[in-house]
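To keep things clear, I will list the structure first and then write my remarks on it.
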Amino acid sequence: MRDDKDTKNSGDKLSRLVFDRRRFLGSGLLGGLAALAGGRRAEADGLSTSQLVVPPWSHRPGPGVATRAYGQPSPYEKSVIRRFLPWIRPTREASVSFTPLQDLHGIITPNGLFFERHHAGTPEIDPQQHRLVIHGMVEQPLVFRVDELMRFPSVSRIHFIECAGNGAMEQHGAMHNALQFTHGMLSCAEWTGVPLRYLLREAGIRKGARWLLAEGADAAGLARSFPIEKAMDDALIVYAQNGEPLRPEQGYPLRLLLPGWEGVANVKWLRRLEVGDRPWETREETATYTDLLPSGKARQFTFVQEAKSVITSPCPERPMPGRGRFMVEGLAWSGAGRIKAVDVSFDGGRNWRSARLKGLVLDKALTRFEIEWNWQGGQALLQSRAIDETGYVQPTLGQLRAVRGMNSMYHNNAIQTWLIHPSGEVENVQLDV
Amino acid sequence: MFSSMCDGCLMRCLILAAVAMVACADEPVVAEWGLGRPISADEIKPWDIDVRPDGVGLPEGSGTAEAGEAIFQTKCASCHGEFGEGVGRFPPLVWDGTPLTADRPRKTVGNFWPYATTLWDYIYRAMPFGNAQSLTSDEVYALVAYVLAMNDLLDEDTVVDAKTLPKIEMPNREGFIRDTGPDIHASRCMQNCVQEVRIISRASQHRSVDSGE
């Protein structure tokens with residue numbers, strides 16, 4: 001736990017948030033709750049009198065329709081924002097911002113909170129001037145306008161996208177006391193677009209074609225190779241996200257979606273697809289996004305984001321509100337298919353109980369789980385473990401390190417441990433198993 | 001909408017169609033829609049910038065490390081350093097000698113990149129940061145030669161072109177293993193799974209995070 005001095009000095013809004021909650025915990029309120037141990041609250045709450053008052057907004061109308069032509073969250077939710085860490089990357093244009101998972105509900109990430117990872121900033125693309133080219137080992141190279149792509153039959157699918165580097169900063173030790181930074185390179189949306197196989201059918205794939213190259217129109221010209229099997233399976237050329245046109249940060253006007261595969265392969269601002277017979281070995285699939293093993297060799301084309309889960313409440317930003325009944329909640333996901341089960345441990349992985357999957361349980365999508373807990377103020381080690389429909393079981397950090405060592409960086413899908421302090425505060429810790 | 005979700009349904013449709021001659025409800029019958037415009041290789045050329053390890057995609061032109069030095073110092077050194085050592089958090093282009101088996105090794109062109117052709121592809125498409133896709137072919141060949149020479153992988157006056165570049169052997173050429181599926185096999189134990197657990201690392205021991213907003 002950070003000491004108070006540390007917290008005050010850091011001066012960032014997130015730690016102030018944690019700090020405020022701690023003051024709240026330290027107030028008489030928690031004492032009252034604790035004494036009742038799960039019973040109802042006896043004292044008045046934060047309002048000035050115990051008798052209810054009629055507030056100003058119950059007397060006078062607020063602003064009229066379309067005061068904000070594009071709606072905004074309540075001004076009271078100013079802290080529900082993407083955050084970034086200036087020191088992890090050389091420039092803001094080749095960096096990452098994290099989704100505030102601690103503040104979200106359900107499985108859909110609002111478009112303005114979807115995590116960002118760019119290699120040369122967010123280009124502002126005029127859709128009239130944008131084109132998608134399909135060429136290489138095809139019968140007829142074709143160029144499409146965006147409005148032409150929208151004339152194809154469309155599909156809408158809910159899928160998560162997770163950066164391969166999500167959790168990379170935690171590989172050498174517990175680093176961030178914030179869910180937003182340990183797991184926030186993860187978001188989920190309903191995507192609408194054209195199945196890539198429709199377009200490939202249009203161009204006609206030649207015999208011997210095995211791989212495709214996808215390339216962005218941004219100033220990184222980000223390029224990745226992927227096997228043709230994925231192109232013919234569930235790959236989409238996406239133009240809409242949660243019902244509205246794709247956001248610029250997510251690739252407006254077009255992005256590739258390879259459901260369940262590492263974020264970088266879902267090329268944004270997509271301008272070109274080339275069909276070939278072997279991978280291109282671009283920088284982003286050799287120098288970066290390869291997983292270095294203790295032997296000195298690196299795993300390459302580790303596309304699938306394997307099953308993973310994390311408890312989102314409580315978490316460092318959301319401490320325990322008091323003793324008594326509490327609904328532990330979290331998210332689970334797998335790039336290999338549907339989530340089959342999630343187990344939760346309260347004792348650091350010695351014993352496990354099965355959690356309930358709630359709401360939609362979809363293929364390669366975020367899935368919510370919950371489990372009831374009666375917290376009596378003791379120290380606890382909370383963990384969650386995802387199992388997907390292939391039978392894959394999320395590993396512990398110890399199991400992951402035993403195989404991949406300390407330097408693989410990408411694809412850290414290890415079980416997360418939250419230490420619950422008697423004060424209710426939650427700390428990111430790592431165990432020896 | 002949700003009931004019609006049918007990922008990976010092409011295979012199922014094909015199987016169903018073969019067995020019972022029924023169509024998958026999710027899949028419209030798409031033959032050819034006749035959309036898009038045929039495009040020629042010449043029309044694609046300005047965008048067709050990829051270079052493969054076998055040299056496919058390399059344009060005409062050539063360069064030497066000697067010629068590359070001046071270009072590097074004016075267009076690259078401000079971020080990557082006079083000697084390719086990397087300024088601040090900008091990536092180094094030269095290996096510092098630590099092996100890939102060391103803790104947190106530096107992964108650079110010199111010790112990690114498996115193909116020299118990737119250097120051509122990347123420098124043209126993405127560098128210099130701030131003015132990508134602006135270098136001439138001769139400039140890129142010269143810069144590739146210079147970066148390789150800084151890593152002692154090439155002589156000062158060796159000419160690099162479409163013929164010679166694919167033949168340059170990079171030290172880490174055999175350093176990659178294709179993924180073949182899950183590498184960790186955990187089991188789903190429910191009771192008495194471990195005897196004792198010990199906390200070995202705490203986030204509170206790290207400096208507090210500093211987030212930009």
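Every chain in the structure tokens has a letter given in the order shown (A, B, ...), and although residue numbers restart at 1 in each chain, ligands are simply numbered from 1 in the order shown.
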Exercise. Leaving out B:Pro171 and any residue of its chain fewer than 6 positions from it, which residues lie within 9 Å of it when counting only C-alpha atoms, given as a ChimeraX atom specification?
Worked result: /B:110-114,153
For this session: Please run DSSP on the backbone and report, as an MDAnalysis selection string, all residues within stretch 29-130 of chain B that come out as helix (DSSP H, G or I).
Result: chainID B and resid 41:47 65:75 77:80 116:126
For this session: List the neighbours of B:Glu32 out to 10 Å using only C-alpha atoms; skip same-chain residues closer than 2 positions along the sequence, and give me the result as a PyMOL selection string.
Result: (chain A and resi 152+198-199+201-204) or (chain B and resi 29-30+34-35)
So that I can check the surroundings of stretch 183-190 of chain B, please list as a compact mmCIF listing (two decimals) with N, CA, C and O atoms, in the first residue's frame every protein, DNA and RNA residue that reaches within 12 Å of it, counting only C-alpha atoms and ignoring chain neighbours fewer than 5 positions away.
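What ended up in selection-v6.txt:
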# COMPACT_ATOMS: atom_id res chain seq x y z
N ASP A 291 7.60 -13.52 -28.57
CA ASP A 291 7.68 -13.80 -27.14
C ASP A 291 8.99 -14.52 -26.82
O ASP A 291 9.13 -15.72 -27.10
N LEU A 293 11.80 -16.52 -25.04
CA LEU A 293 11.82 -17.61 -24.05
C LEU A 293 13.17 -17.66 -23.34
O LEU A 293 14.16 -17.08 -23.82
N ARG A 299 9.02 -17.12 -29.51
CA ARG A 299 7.82 -17.66 -30.18
C ARG A 299 7.28 -16.57 -31.10
O ARG A 299 7.19 -15.40 -30.72
N THR A 302 2.22 -15.77 -32.28
CA THR A 302 1.38 -16.19 -31.15
C THR A 302 0.11 -15.34 -31.21
O THR A 302 -0.03 -14.36 -30.50
N VAL A 304 -3.32 -16.13 -30.79
CA VAL A 304 -4.50 -16.28 -29.93
C VAL A 304 -4.27 -15.69 -28.54
O VAL A 304 -3.27 -15.99 -27.90
N GLU A 306 -5.00 -16.20 -25.16
CA GLU A 306 -5.53 -17.36 -24.43
C GLU A 306 -6.36 -16.93 -23.22
O GLU A 306 -6.28 -15.78 -22.78
N ALA A 307 -7.13 -17.88 -22.69
CA ALA A 307 -8.13 -17.57 -21.66
C ALA A 307 -7.52 -16.84 -20.48
O ALA A 307 -6.42 -17.16 -20.01
N ALA A 341 -16.25 -21.66 -17.78
CA ALA A 341 -16.41 -21.52 -16.33
C ALA A 341 -15.37 -20.55 -15.80
O ALA A 341 -14.34 -20.32 -16.43
N VAL A 342 -15.69 -19.98 -14.64
CA VAL A 342 -14.71 -19.16 -13.92
C VAL A 342 -14.74 -19.60 -12.46
O VAL A 342 -15.81 -19.76 -11.88
N ASP A 343 -13.56 -19.83 -11.89
CA ASP A 343 -13.45 -20.18 -10.47
C ASP A 343 -12.84 -19.00 -9.74
O ASP A 343 -12.01 -18.27 -10.29
N VAL A 344 -13.24 -18.84 -8.48
CA VAL A 344 -12.70 -17.76 -7.65
C VAL A 344 -12.12 -18.37 -6.37
O VAL A 344 -12.70 -19.29 -5.79
N SER A 345 -10.95 -17.87 -5.99
CA SER A 345 -10.33 -18.30 -4.73
C SER A 345 -10.23 -17.09 -3.81
O SER A 345 -9.97 -15.97 -4.26
N ASP A 347 -8.33 -17.55 -0.94
CA ASP A 347 -7.17 -17.87 -0.10
C ASP A 347 -5.91 -18.10 -0.94
O ASP A 347 -5.10 -18.97 -0.64
N GLY A 349 -5.48 -19.30 -3.95
CA GLY A 349 -5.41 -20.45 -4.84
C GLY A 349 -5.36 -21.80 -4.15
O GLY A 349 -5.16 -22.82 -4.81
N ARG A 350 -5.53 -21.83 -2.81
CA ARG A 350 -5.57 -23.13 -2.15
C ARG A 350 -6.89 -23.83 -2.45
O ARG A 350 -6.93 -24.98 -2.79
N ASN A 351 -7.98 -23.08 -2.34
CA ASN A 351 -9.31 -23.64 -2.61
C ASN A 351 -10.05 -22.72 -3.58
O ASN A 351 -9.84 -21.50 -3.57
N TRP A 352 -10.91 -23.31 -4.38
CA TRP A 352 -11.62 -22.56 -5.41
C TRP A 352 -13.10 -22.86 -5.35
O TRP A 352 -13.51 -23.98 -5.02
N ARG A 353 -13.92 -21.86 -5.69
CA ARG A 353 -15.37 -22.05 -5.84
C ARG A 353 -15.76 -21.59 -7.24
O ARG A 353 -15.19 -20.63 -7.75
N SER A 354 -16.75 -22.23 -7.83
CA SER A 354 -17.20 -21.83 -9.17
C SER A 354 -18.06 -20.57 -9.08
O SER A 354 -18.98 -20.51 -8.28
N SER A 384 -9.09 -15.04 -9.66
CA SER A 384 -10.07 -15.70 -10.53
C SER A 384 -9.33 -16.49 -11.59
O SER A 384 -8.18 -16.17 -11.93
N ARG A 385 -9.99 -17.54 -12.08
CA ARG A 385 -9.35 -18.47 -13.04
C ARG A 385 -10.38 -18.81 -14.11
O ARG A 385 -11.46 -19.30 -13.81
N ALA A 386 -10.05 -18.53 -15.35
CA ALA A 386 -10.98 -18.79 -16.46
C ALA A 386 -10.69 -20.13 -17.11
O ALA A 386 -9.54 -20.55 -17.22
N ILE A 387 -11.77 -20.78 -17.54
CA ILE A 387 -11.65 -22.03 -18.31
C ILE A 387 -12.49 -21.82 -19.57
O ILE A 387 -13.64 -21.36 -19.47
N ASP A 388 -11.93 -22.08 -20.74
CA ASP A 388 -12.72 -21.86 -21.96
C ASP A 388 -13.25 -23.16 -22.53
O ASP A 388 -12.97 -24.25 -22.01
N GLY A 391 -11.28 -26.29 -23.02
CA GLY A 391 -10.76 -26.96 -21.84
C GLY A 391 -9.51 -26.29 -21.29
O GLY A 391 -8.99 -26.69 -20.25
N TYR A 392 -9.02 -25.27 -21.96
CA TYR A 392 -7.83 -24.55 -21.51
C TYR A 392 -8.10 -23.88 -20.16
O TYR A 392 -9.14 -23.26 -19.97
N VAL A 393 -7.15 -24.03 -19.24
CA VAL A 393 -7.29 -23.46 -17.90
C VAL A 393 -6.26 -22.34 -17.74
O VAL A 393 -5.07 -22.54 -17.99
N GLN A 394 -6.71 -21.16 -17.31
CA GLN A 394 -5.81 -20.02 -17.10
C GLN A 394 -4.72 -20.39 -16.09
O GLN A 394 -5.03 -20.88 -15.01
N PRO A 395 -3.45 -20.15 -16.43
CA PRO A 395 -2.36 -20.56 -15.53
C PRO A 395 -2.09 -19.56 -14.41
O PRO A 395 -2.47 -18.39 -14.50
N THR A 396 -1.39 -20.04 -13.38
CA THR A 396 -0.88 -19.12 -12.36
C THR A 396 0.36 -18.43 -12.93
O THR A 396 0.96 -18.89 -13.91
N LEU A 397 0.79 -17.37 -12.26
CA LEU A 397 1.99 -16.66 -12.70
C LEU A 397 3.21 -17.59 -12.61
O LEU A 397 4.09 -17.57 -13.47
N GLY A 398 3.23 -18.42 -11.57
CA GLY A 398 4.34 -19.37 -11.40
C GLY A 398 4.40 -20.36 -12.56
O GLY A 398 5.48 -20.65 -13.10
N GLN A 399 3.24 -20.86 -12.96
CA GLN A 399 3.19 -21.80 -14.09
C GLN A 399 3.64 -21.11 -15.38
O GLN A 399 4.35 -21.70 -16.19
N LEU A 400 3.23 -19.86 -15.55
CA LEU A 400 3.61 -19.12 -16.75
C LEU A 400 5.12 -18.86 -16.78
O LEU A 400 5.79 -19.10 -17.79
N ARG A 401 5.65 -18.44 -15.64
CA ARG A 401 7.10 -18.15 -15.59
C ARG A 401 7.92 -19.42 -15.76
O ARG A 401 9.02 -19.36 -16.32
N ALA A 402 7.41 -20.56 -15.28
CA ALA A 402 8.17 -21.82 -15.39
C ALA A 402 8.40 -22.18 -16.85
O ALA A 402 9.43 -22.75 -17.20
N VAL A 403 7.44 -21.83 -17.70
CA VAL A 403 7.57 -22.17 -19.13
C VAL A 403 8.21 -21.03 -19.91
O VAL A 403 9.08 -21.24 -20.76
N ARG A 404 7.80 -19.78 -19.62
CA ARG A 404 8.21 -18.66 -20.48
C ARG A 404 9.28 -17.76 -19.87
O ARG A 404 9.72 -16.81 -20.52
N HIS A 411 1.50 -11.54 -24.09
CA HIS A 411 0.60 -12.65 -23.77
C HIS A 411 0.70 -13.12 -22.33
O HIS A 411 0.67 -14.31 -22.07
N ASN A 412 0.83 -12.19 -21.41
CA ASN A 412 0.79 -12.56 -19.99
C ASN A 412 -0.67 -12.75 -19.59
O ASN A 412 -1.39 -11.78 -19.38
N ASN A 413 -1.12 -14.01 -19.53
CA ASN A 413 -2.52 -14.29 -19.17
C ASN A 413 -2.61 -14.95 -17.80
O ASN A 413 -3.53 -15.70 -17.51
N ALA A 414 -1.61 -14.66 -16.93
CA ALA A 414 -1.58 -15.31 -15.62
C ALA A 414 -2.71 -14.83 -14.71
O ALA A 414 -3.24 -13.73 -14.87
N ILE A 415 -3.05 -15.68 -13.75
CA ILE A 415 -4.03 -15.35 -12.73
C ILE A 415 -3.55 -14.13 -11.94
O ILE A 415 -2.39 -14.06 -11.54
N ARG B 178 7.75 -20.99 -34.56
CA ARG B 178 6.33 -20.74 -34.86
C ARG B 178 5.45 -21.30 -33.74
O ARG B 178 5.65 -22.42 -33.29
For this session: Would you mind telling me which residue in B:Ser62, B:Gln191, B:Gly175, B:Met150 lies nearest to B:Thr101 when using only C-alpha atoms?
Result: B:Gly175
For this session: Compare A:Thr99, A:Ser79, A:Ser225, A:Asn177 by their minimum atom-to-atom distance to chain B, counting only C-alpha atoms, and give me the closest one.
Result: A:Asn177
For this session: Would you please work out which residue, of B:Val87, B:Leu100, B:Val144, B:Val94, is nearest to chain A when using only C-alpha atoms?
Result: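 Nearest to chain A: B:Leu100.
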For this session: Give the answer as one residue: which of B:Arg89, B:His80, B:Arg106, B:Lys75 has the shortest atom-to-atom distance to chain A, using only C-alpha atoms?
Result: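 Using only C-alpha atoms, chain A sits closest to B:Arg89.
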Exercise. With only C-alpha atoms as the atoms that count, which of A:Lys207, A:Arg89, A:His421, A:His105 lies nearest to chain B?
Worked result: A:Arg89
